[in-house]
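**Student:** The structure file target.cif (mmCIF, C-alpha atoms and all ligand atoms) is provided below.
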```cif
data_data
loop_
_atom_site.group_PDB
_atom_site.id
_atom_site.type_symbol
_atom_site.label_atom_id
_atom_site.label_comp_id
_atom_site.auth_asym_id
_atom_site.auth_seq_id
_atom_site.Cartn_x
_atom_site.Cartn_y
_atom_site.Cartn_z
ATOM 1 C CA MET A 1 217.644 95.762 157.965
ATOM 2 C CA THR A 2 214.621 97.506 156.487
ATOM 3 C CA ILE A 3 211.701 98.930 158.366
ATOM 4 C CA VAL A 4 208.659 99.672 156.240
ATOM 5 C CA THR A 5 206.650 102.146 158.184
ATOM 6 C CA GLY A 6 202.917 102.068 157.870
ATOM 7 C CA SER A 7 202.661 98.390 156.845
ATOM 8 C CA ALA A 8 204.083 96.727 159.953
ATOM 9 C CA THR A 9 206.588 94.799 157.792
ATOM 10 C CA ILE A 10 209.640 94.609 159.996
ATOM 11 C CA PRO A 11 212.162 91.869 159.192
ATOM 12 C CA PRO A 12 212.845 89.880 162.361
ATOM 13 C CA MET A 13 216.007 90.724 164.234
ATOM 14 C CA PRO A 14 218.183 87.704 165.007
ATOM 15 C CA ILE A 15 217.636 86.821 168.625
ATOM 16 C CA PRO A 16 220.915 87.146 170.507
ATOM 17 C CA ARG A 17 222.090 83.936 172.102
ATOM 18 C CA ARG A 18 222.594 83.916 175.846
ATOM 19 C CA PRO A 19 224.671 81.598 178.007
ATOM 20 C CA TRP A 20 222.361 79.362 180.022
ATOM 21 C CA LEU A 21 222.815 75.932 181.573
ATOM 22 C CA HIS A 22 219.649 74.046 182.468
ATOM 23 C CA VAL A 23 220.006 70.672 184.195
ATOM 24 C CA ILE A 24 217.055 68.281 184.239
ATOM 25 C CA ALA A 25 217.719 65.602 186.845
ATOM 26 C CA GLY A 26 215.680 62.804 188.320
ATOM 27 C CA CYS A 27 215.248 59.070 188.717
ATOM 28 C CA MET A 28 214.219 56.740 185.925
ATOM 29 C CA SER A 29 210.702 57.113 184.510
ATOM 30 C CA SER A 30 210.497 60.718 185.693
ATOM 31 C CA GLY A 31 209.955 62.082 182.178
ATOM 32 C CA LYS A 32 213.392 63.630 181.607
ATOM 33 C CA THR A 33 213.502 62.795 177.887
ATOM 34 C CA ALA A 34 209.959 64.029 177.296
ATOM 35 C CA GLU A 35 210.868 67.310 179.035
ATOM 36 C CA VAL A 36 214.025 67.734 176.926
ATOM 37 C CA VAL A 37 212.034 67.139 173.754
ATOM 38 C CA ARG A 38 209.410 69.666 174.901
ATOM 39 C CA LEU A 39 212.051 72.328 175.573
ATOM 40 C CA LEU A 40 213.748 71.755 172.206
ATOM 41 C CA THR A 41 210.510 71.667 170.231
ATOM 42 C CA ARG A 42 209.373 75.071 171.523
ATOM 43 C CA ARG A 43 212.712 76.532 170.414
ATOM 44 C CA GLN A 44 212.321 74.991 166.957
ATOM 45 C CA ILE A 45 208.879 76.547 166.665
ATOM 46 C CA ALA A 46 210.540 79.920 167.318
ATOM 47 C CA GLY A 47 213.014 79.273 164.498
ATOM 48 C CA GLN A 48 216.029 78.331 166.606
ATOM 49 C CA SER A 49 218.412 75.553 165.619
ATOM 50 C CA VAL A 50 218.808 72.747 168.144
ATOM 51 C CA LEU A 51 221.079 69.733 168.536
ATOM 52 C CA LEU A 52 220.263 66.696 170.703
ATOM 53 C CA ILE A 53 223.190 64.475 171.725
ATOM 54 C CA THR A 54 223.133 61.046 173.376
ATOM 55 C CA PRO A 55 225.974 58.868 174.685
ATOM 56 C CA ALA A 56 226.962 55.775 172.723
ATOM 57 C CA ARG A 57 226.167 53.643 175.777
ATOM 58 C CA ASP A 58 222.484 54.503 175.883
ATOM 59 C CA THR A 59 220.929 51.372 174.408
ATOM 60 C CA ARG A 60 217.451 52.876 174.537
ATOM 61 C CA VAL A 61 218.386 55.111 171.639
ATOM 62 C CA ALA A 62 217.973 54.017 168.045
ATOM 63 C CA PRO A 63 220.662 55.531 165.782
ATOM 64 C CA GLY A 64 219.672 59.068 164.915
ATOM 65 C CA GLU A 65 216.673 59.215 167.210
ATOM 66 C CA VAL A 66 215.658 59.566 170.859
ATOM 67 C CA VAL A 67 212.446 57.883 171.954
ATOM 68 C CA SER A 68 210.946 58.699 175.340
ATOM 69 C CA ARG A 69 208.877 56.218 177.320
ATOM 70 C CA THR A 70 205.820 58.166 176.285
ATOM 71 C CA GLY A 71 206.715 57.495 172.640
ATOM 72 C CA THR A 72 207.931 60.998 171.799
ATOM 73 C CA ARG A 73 210.644 60.928 169.125
ATOM 74 C CA PHE A 74 213.334 63.483 168.296
ATOM 75 C CA PRO A 75 216.364 63.399 165.936
ATOM 76 C CA SER A 76 219.655 62.942 167.775
ATOM 77 C CA VAL A 77 223.389 62.494 167.276
ATOM 78 C CA VAL A 78 225.456 59.927 169.176
ATOM 79 C CA ALA A 79 228.671 61.128 170.819
ATOM 80 C CA PRO A 80 231.126 58.547 172.232
ATOM 81 C CA ASP A 81 232.654 61.034 174.677
ATOM 82 C CA ALA A 82 232.551 64.650 175.847
ATOM 83 C CA GLU A 83 235.221 65.760 173.365
ATOM 84 C CA ALA A 84 233.005 64.469 170.544
ATOM 85 C CA ILE A 85 230.208 66.687 171.926
ATOM 86 C CA ARG A 86 232.497 69.729 171.738
ATOM 87 C CA LYS A 87 233.446 68.955 168.118
ATOM 88 C CA GLU A 88 229.869 68.306 167.004
ATOM 89 C CA VAL A 89 228.638 71.550 168.559
ATOM 90 C CA ALA A 90 231.475 73.467 166.855
ATOM 91 C CA ARG A 91 230.559 71.865 163.506
ATOM 92 C CA ILE A 92 226.776 72.393 163.690
ATOM 93 C CA ASN A 93 226.801 75.691 165.631
ATOM 94 C CA PRO A 94 223.237 75.344 166.992
ATOM 95 C CA ASP A 95 221.410 77.926 169.084
ATOM 96 C CA ALA A 96 220.734 75.307 171.763
ATOM 97 C CA VAL A 97 222.290 71.957 172.666
ATOM 98 C CA ALA A 98 220.712 69.187 174.724
ATOM 99 C CA ILE A 99 222.668 66.263 176.161
ATOM 100 C CA GLU A 100 220.730 63.176 177.235
ATOM 101 C CA GLU A 101 221.817 60.529 179.772
ATOM 102 C CA ALA A 102 224.719 62.785 180.663
ATOM 103 C CA GLN A 103 225.753 60.553 183.590
ATOM 104 C CA PHE A 104 227.424 58.274 181.035
ATOM 105 C CA PHE A 105 229.954 60.871 179.891
ATOM 106 C CA GLY A 106 233.292 61.126 181.712
ATOM 107 C CA PRO A 107 234.590 63.562 184.334
ATOM 108 C CA GLU A 108 235.656 66.028 181.607
ATOM 109 C CA LEU A 109 231.994 66.776 180.747
ATOM 110 C CA PRO A 110 231.443 69.799 183.081
ATOM 111 C CA ALA A 111 234.472 71.690 181.716
ATOM 112 C CA ILE A 112 233.414 71.072 178.120
ATOM 113 C CA ILE A 113 229.842 72.120 178.889
ATOM 114 C CA GLU A 114 231.156 75.347 180.451
ATOM 115 C CA GLN A 115 232.974 76.058 177.153
ATOM 116 C CA ILE A 116 229.851 75.367 175.100
ATOM 117 C CA VAL A 117 227.680 77.563 177.341
ATOM 118 C CA ALA A 118 230.190 80.425 177.185
ATOM 119 C CA ALA A 119 229.945 80.570 173.362
ATOM 120 C CA PRO A 120 227.264 81.877 174.311
ATOM 121 C CA ARG A 121 224.665 79.159 173.921
ATOM 122 C CA THR A 122 221.880 77.425 175.837
ATOM 123 C CA VAL A 123 222.761 73.931 177.029
ATOM 124 C CA ILE A 124 220.178 71.545 178.443
ATOM 125 C CA VAL A 125 221.579 68.515 180.270
ATOM 126 C CA SER A 126 219.486 65.609 181.502
ATOM 127 C CA GLY A 127 220.504 62.615 183.552
ATOM 128 C CA LEU A 128 220.177 60.463 186.642
ATOM 129 C CA ASP A 129 221.259 62.452 189.677
ATOM 130 C CA GLN A 130 221.531 59.294 191.813
ATOM 131 C CA ASP A 131 222.790 55.797 191.101
ATOM 132 C CA PHE A 132 220.819 52.674 192.049
ATOM 133 C CA ALA A 133 222.054 52.968 195.649
ATOM 134 C CA GLY A 134 220.876 56.571 195.986
ATOM 135 C CA ARG A 135 224.393 57.986 195.770
ATOM 136 C CA PRO A 136 225.218 61.171 193.793
ATOM 137 C CA PHE A 137 225.903 59.883 190.279
ATOM 138 C CA ALA A 138 228.855 60.822 188.059
ATOM 139 C CA THR A 139 228.946 64.505 187.029
ATOM 140 C CA ILE A 140 225.208 65.244 187.335
ATOM 141 C CA PRO A 141 225.456 66.623 190.918
ATOM 142 C CA GLU A 142 228.340 68.899 189.854
ATOM 143 C CA LEU A 143 226.399 70.052 186.791
ATOM 144 C CA MET A 144 223.381 70.810 189.019
ATOM 145 C CA ALA A 145 225.649 73.049 191.117
ATOM 146 C CA ARG A 146 227.035 74.806 188.026
ATOM 147 C CA ALA A 147 223.595 75.247 186.420
ATOM 148 C CA ASP A 148 221.639 78.488 185.998
ATOM 149 C CA GLU A 149 218.424 76.471 186.244
ATOM 150 C CA VAL A 150 217.723 73.047 187.751
ATOM 151 C CA THR A 151 214.605 70.969 187.234
ATOM 152 C CA LYS A 152 214.362 67.890 189.414
ATOM 153 C CA LEU A 153 211.627 65.562 188.210
ATOM 154 C CA SER A 154 210.036 62.738 190.166
ATOM 155 C CA ALA A 155 208.293 59.572 189.050
ATOM 156 C CA ILE A 156 205.619 57.492 190.778
ATOM 157 C CA CYS A 157 206.758 54.721 193.129
ATOM 158 C CA VAL A 158 205.715 51.384 191.641
ATOM 159 C CA VAL A 159 205.344 49.926 195.166
ATOM 160 C CA CYS A 160 203.262 52.501 197.048
ATOM 161 C CA GLY A 161 202.216 55.161 194.530
ATOM 162 C CA ASN A 162 203.916 58.092 196.264
ATOM 163 C CA GLU A 163 206.358 60.444 194.548
ATOM 164 C CA ALA A 164 209.484 58.507 193.568
ATOM 165 C CA THR A 165 212.961 60.062 193.520
ATOM 166 C CA ARG A 166 215.087 56.914 193.414
ATOM 167 C CA THR A 167 215.979 54.224 190.912
ATOM 168 C CA GLN A 168 215.572 50.699 192.301
ATOM 169 C CA ARG A 169 217.863 48.055 190.828
ATOM 170 C CA LEU A 170 216.687 44.458 190.968
ATOM 171 C CA ARG A 171 218.797 41.368 190.266
ATOM 172 C CA ASP A 172 216.700 38.238 189.800
ATOM 173 C CA GLY A 173 213.871 40.221 191.329
ATOM 174 C CA LYS A 174 215.808 41.073 194.507
ATOM 175 C CA PRO A 175 217.334 44.433 195.558
ATOM 176 C CA ALA A 176 220.893 44.860 194.313
ATOM 177 C CA ARG A 177 223.886 45.138 196.635
ATOM 178 C CA ALA A 178 225.433 48.557 197.204
ATOM 179 C CA ASP A 179 228.811 47.261 195.986
ATOM 180 C CA ASP A 180 227.432 45.888 192.694
ATOM 181 C CA GLU A 181 229.055 47.417 189.625
ATOM 182 C CA LEU A 182 227.503 50.517 188.103
ATOM 183 C CA ILE A 183 225.827 49.718 184.811
ATOM 184 C CA VAL A 184 222.655 51.699 184.905
ATOM 185 C CA ILE A 185 220.654 52.227 181.757
ATOM 186 C CA GLY A 186 216.973 52.364 182.473
ATOM 187 C CA GLY A 187 215.456 48.947 182.190
ATOM 188 C CA MET A 188 217.877 47.656 179.570
ATOM 189 C CA ALA A 189 221.115 46.542 181.223
ATOM 190 C CA GLY A 190 221.714 42.814 181.206
ATOM 191 C CA ASP A 191 219.396 40.733 183.362
ATOM 192 C CA ASP A 192 218.858 43.528 185.866
ATOM 193 C CA THR A 193 215.658 45.492 185.945
ATOM 194 C CA TYR A 194 215.085 48.986 187.207
ATOM 195 C CA GLU A 195 212.025 50.745 188.542
ATOM 196 C CA ALA A 196 211.143 54.050 190.170
ATOM 197 C CA ARG A 197 210.644 53.978 193.936
ATOM 198 C CA CYS A 198 210.173 56.490 196.728
ATOM 199 C CA ARG A 199 212.716 56.929 199.513
ATOM 200 C CA ALA A 200 210.749 54.647 201.868
ATOM 201 C CA CYS A 201 210.382 51.769 199.388
ATOM 202 C CA HIS A 202 213.892 52.014 197.889
ATOM 203 C CA GLU A 203 216.014 49.036 198.940
ATOM 204 C CA VAL A 204 219.755 48.430 198.731
ATOM 205 C CA ILE A 205 221.499 45.474 200.336
ATOM 206 C CA ALA A 206 224.453 46.804 202.332
HETATM 207 ZN ZN ZN B 301 207.030 53.895 197.738
#
```
Would you write the structure of this file as C-alpha cells?
**Tutor:**
Amino acid sequence: MTIVTGSATIPPMPIPRRPWLHVIAGCMSSGKTAEVVRLLTRRQIAGQSVLLITPARDTRVAPGEVVSRTGTRFPSVVAPDAEAIRKEVARINPDAVAIEEAQFFGPELPAIIEQIVAAPRTVIVSGLDQDFAGRPFATIPELMARADEVTKLSAICVVCGNEATRTQRLRDGKPARADDELIVIGGMAGDDTYEARCRACHEVIA
C-alpha cells in the first residue's frame, strides 16, 4: 500500500465483503430478472466479481446466459441442485452471488445459502414467492424470513390493469385446479400458460 501525498494517487483499498442476503420475490412478469441484472451490473461497474446461477429446470435460460422479458442479457452458470451452487461459489469465489428462479432448488437451499452468506459474501436470491394457487412456494418464503433485505415486486394484472401479485395458471385457457401438479416456469411449461393477475382477478378451481 503506497500513499503518494500531494498527487492524490492512492491505490484503492480492497472493499471488505459483508454478509448480506437480499431476496427479490414476486409473481411472474414482475421484473425479478431485470432487477437482479441491475444489481449485479452496478457491482461489476465498481470492480466486484459476480456470479449468476440458474436452476437446470429453468427452460427460459439459454446455456450460459439469462435473458429477462425486457431483453436484458447476463452471463450465467447452470446448477442442477443447491450443492452444485455451493461448489461453484467455492470454485469461483465471487464477491456477490445471485440465484435465479430459486423456487426450483430443493429444501436444502436455505442452509447452503446461509453458508455462502457467512463467508462473508452478498447473496441475491430471486424467485416466485407464491405458486399458481397463491400458496407460499418452496423455500422462497423461508428465505424471505432469513433475508437482511426483501424486495417484493409486482406486475400489472392482464385482466384489469391493477397491481398484480399472483401468477395465474391456465389450462386450455381455463383456470387451473388447486390440486394440479406444480410445474411452474413462467409461460413455458407444457400446454399451460401463465399470466400476472391481481388478487381480485386471480382464479383457482377448488
Ligand atoms: Zn386484476
**Student:** Using all atoms listed in the file, find each protein or nucleic acid residue lying at most 8 Å from ligand ZN 301 (chain B); present the set as a PyMOL selection string.
**Tutor:** chain A and resi 156-164+197-202
**Student:** On this file, the PyMOL selection byres (((chain A and resi 17) around 10) and not hetatm) gives some set of residues; write that set as a PyMOL selection string.
**Tutor:** chain A and resi 14-16+18-20+48+95-96+117+119-122
**Student:** Report the distance between atom CA of A:Ile113 and atom CA of A:Leu143 in Å, rounded to one decimal place.
**Tutor:**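 Calculated distance between atom CA of A:Ile113 and atom CA of A:Leu143 is 8.9 Å.
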**Student:** Name the residues captured by the PyMOL selection byres (((chain A and resi 71) around 12) and not hetatm) when it is applied to the shown file; answer as a list in words.
**Tutor:**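 So the PyMOL selection byres (((chain A and resi 71) around 12) and not hetatm), applied here, picks out Gly31, Thr33, Ala34, Val37, Arg60, Val61, Glu65, Val66, Val67, Ser68, Arg69, Thr70, Thr72, Arg73 and Phe74 of chain A.
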**Student:** Output C-alpha atoms for every residue in that selection, as a PDB file, in the frame of the given file.
**Tutor:**
```
ATOM      1  CA  GLY A  31     209.955  62.082 182.178  1.00  0.00           C
ATOM      2  CA  THR A  33     213.502  62.795 177.887  1.00  0.00           C
ATOM      3  CA  ALA A  34     209.959  64.029 177.296  1.00  0.00           C
ATOM      4  CA  VAL A  37     212.034  67.139 173.754  1.00  0.00           C
ATOM      5  CA  ARG A  60     217.451  52.876 174.537  1.00  0.00           C
ATOM      6  CA  VAL A  61     218.386  55.111 171.639  1.00  0.00           C
ATOM      7  CA  GLU A  65     216.673  59.215 167.210  1.00  0.00           C
ATOM      8  CA  VAL A  66     215.658  59.566 170.859  1.00  0.00           C
ATOM      9  CA  VAL A  67     212.446  57.883 171.954  1.00  0.00           C
ATOM     10  CA  SER A  68     210.946  58.699 175.340  1.00  0.00           C
ATOM     11  CA  ARG A  69     208.877  56.218 177.320  1.00  0.00           C
ATOM     12  CA  THR A  70     205.820  58.166 176.285  1.00  0.00           C
ATOM     13  CA  THR A  72     207.931  60.998 171.799  1.00  0.00           C
ATOM     14  CA  ARG A  73     210.644  60.928 169.125  1.00  0.00           C
ATOM     15  CA  PHE A  74     213.334  63.483 168.296  1.00  0.00           C
TER      16      PHE A  74
END
```
**Student:** Identify, on the basis of only C-alpha atoms, every residue whose closest approach to A:Val123 does not exceed 12 Å; exclude the query and any residue fewer than 6 positions from it along the same chain; express the result as a PyMOL selection string.
**Tutor:** chain A and resi 17-24+36+39-40+50-53+85-86+89+94-100+102+110+112-117+143+146-150
**Student:** Could those selected residues go to a file with C-alpha atoms, as a CSV table (one decimal), keeping the file's coordinate frame?
**Tutor:**
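To be explicit, this is the file written out as result.csv:
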```
chain,number,residue,atom,x,y,z
A,17,ARG,CA,222.1,83.9,172.1
A,18,ARG,CA,222.6,83.9,175.8
A,19,PRO,CA,224.7,81.6,178.0
A,20,TRP,CA,222.4,79.4,180.0
A,21,LEU,CA,222.8,75.9,181.6
A,22,HIS,CA,219.6,74.0,182.5
A,23,VAL,CA,220.0,70.7,184.2
A,24,ILE,CA,217.1,68.3,184.2
A,36,VAL,CA,214.0,67.7,176.9
A,39,LEU,CA,212.1,72.3,175.6
A,40,LEU,CA,213.7,71.8,172.2
A,50,VAL,CA,218.8,72.7,168.1
A,51,LEU,CA,221.1,69.7,168.5
A,52,LEU,CA,220.3,66.7,170.7
A,53,ILE,CA,223.2,64.5,171.7
A,85,ILE,CA,230.2,66.7,171.9
A,86,ARG,CA,232.5,69.7,171.7
A,89,VAL,CA,228.6,71.6,168.6
A,94,PRO,CA,223.2,75.3,167.0
A,95,ASP,CA,221.4,77.9,169.1
A,96,ALA,CA,220.7,75.3,171.8
A,97,VAL,CA,222.3,72.0,172.7
A,98,ALA,CA,220.7,69.2,174.7
A,99,ILE,CA,222.7,66.3,176.2
A,100,GLU,CA,220.7,63.2,177.2
A,102,ALA,CA,224.7,62.8,180.7
A,110,PRO,CA,231.4,69.8,183.1
A,112,ILE,CA,233.4,71.1,178.1
A,113,ILE,CA,229.8,72.1,178.9
A,114,GLU,CA,231.2,75.3,180.5
A,115,GLN,CA,233.0,76.1,177.2
A,116,ILE,CA,229.9,75.4,175.1
A,117,VAL,CA,227.7,77.6,177.3
A,143,LEU,CA,226.4,70.1,186.8
A,146,ARG,CA,227.0,74.8,188.0
A,147,ALA,CA,223.6,75.2,186.4
A,148,ASP,CA,221.6,78.5,186.0
A,149,GLU,CA,218.4,76.5,186.2
A,150,VAL,CA,217.7,73.0,187.8
```
**Student:** What does the structure give for the distance between atom CA of A:Gly64 and atom CA of A:Ala138, in Å to one decimal?
**Tutor:** 25.0 Å
**Student:** Counting all atoms listed in the file, which of A:Ile124, A:Leu170, A:Met28, A:Ala111 gets nearest to A:Glu142?
**Tutor:**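 Using all atoms listed in the file, the shortest distance to A:Glu142 belongs to A:Ala111.
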**Student:** Take the point (231.5, 59.0, 168.9) in the file's coordinates, draw a sphere of radius 12 Å around it, and report as a list in words every protein, DNA or RNA residue with an atom inside or on it, counting all atoms listed in the file.
**Tutor:**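 Residues with an atom close enough to that point: Ile53, Thr54, Pro55, Ala56, Arg57, Pro63, Val77, Val78, Ala79, Pro80, Asp81, Ala82, Glu83, Ala84, Ile85, Arg86, Lys87, Glu88 and Phe105 of chain A.
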**Student:** Calculated over only C-alpha atoms, which of the candidates A:Ala46, A:Glu181, A:Val204, A:Met144 has the smallest distance to A:Arg169?
**Tutor:**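 For A:Arg169, the nearest of the given residues is A:Val204.
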**Student:** Might you spell out which residues the PyMOL selection byres (((chain A and resi 137) around 12) and not hetatm) would select in the displayed file, as an MDAnalysis selection string?
**Tutor:** chainID A and resid 25:27 101:107 127:136 138:144 166:167 182:184
**Student:** So the first atom is atom CA of A:Gly173 and the second is atom CA of A:Thr193; what is the distance between them in Å, to one decimal place?
**Tutor:**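 It comes out at 7.7 Å.
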**Student:** Find the residue from A:Tyr194, A:Ser49, A:Leu109, A:Ser154 that sits nearest to A:Asn93; use all atoms listed in the file when measuring.
**Tutor:**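 Smallest separation from A:Asn93 among the options: A:Ser49.
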**Student:** From the options A:Val125, A:Ala196, A:Ile45, A:Ala118, which residue's atoms come nearest to A:Ala155, counting all atoms listed in the file?
**Tutor:**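 The answer is A:Ala196, which sits nearest to A:Ala155.
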**Student:** Please define a box with edges along x, y and z of the file around all atoms of stretch 116-131 of chain A given in the file, extend it by 4 Å on each side, and return its centre and edge lengths in Å to one decimal, as JSON.
**Tutor:**
```
{"center_x": 224.8, "center_y": 68.8, "center_z": 182.6, "size_x": 18.7, "size_y": 34.1, "size_z": 26.5}
```
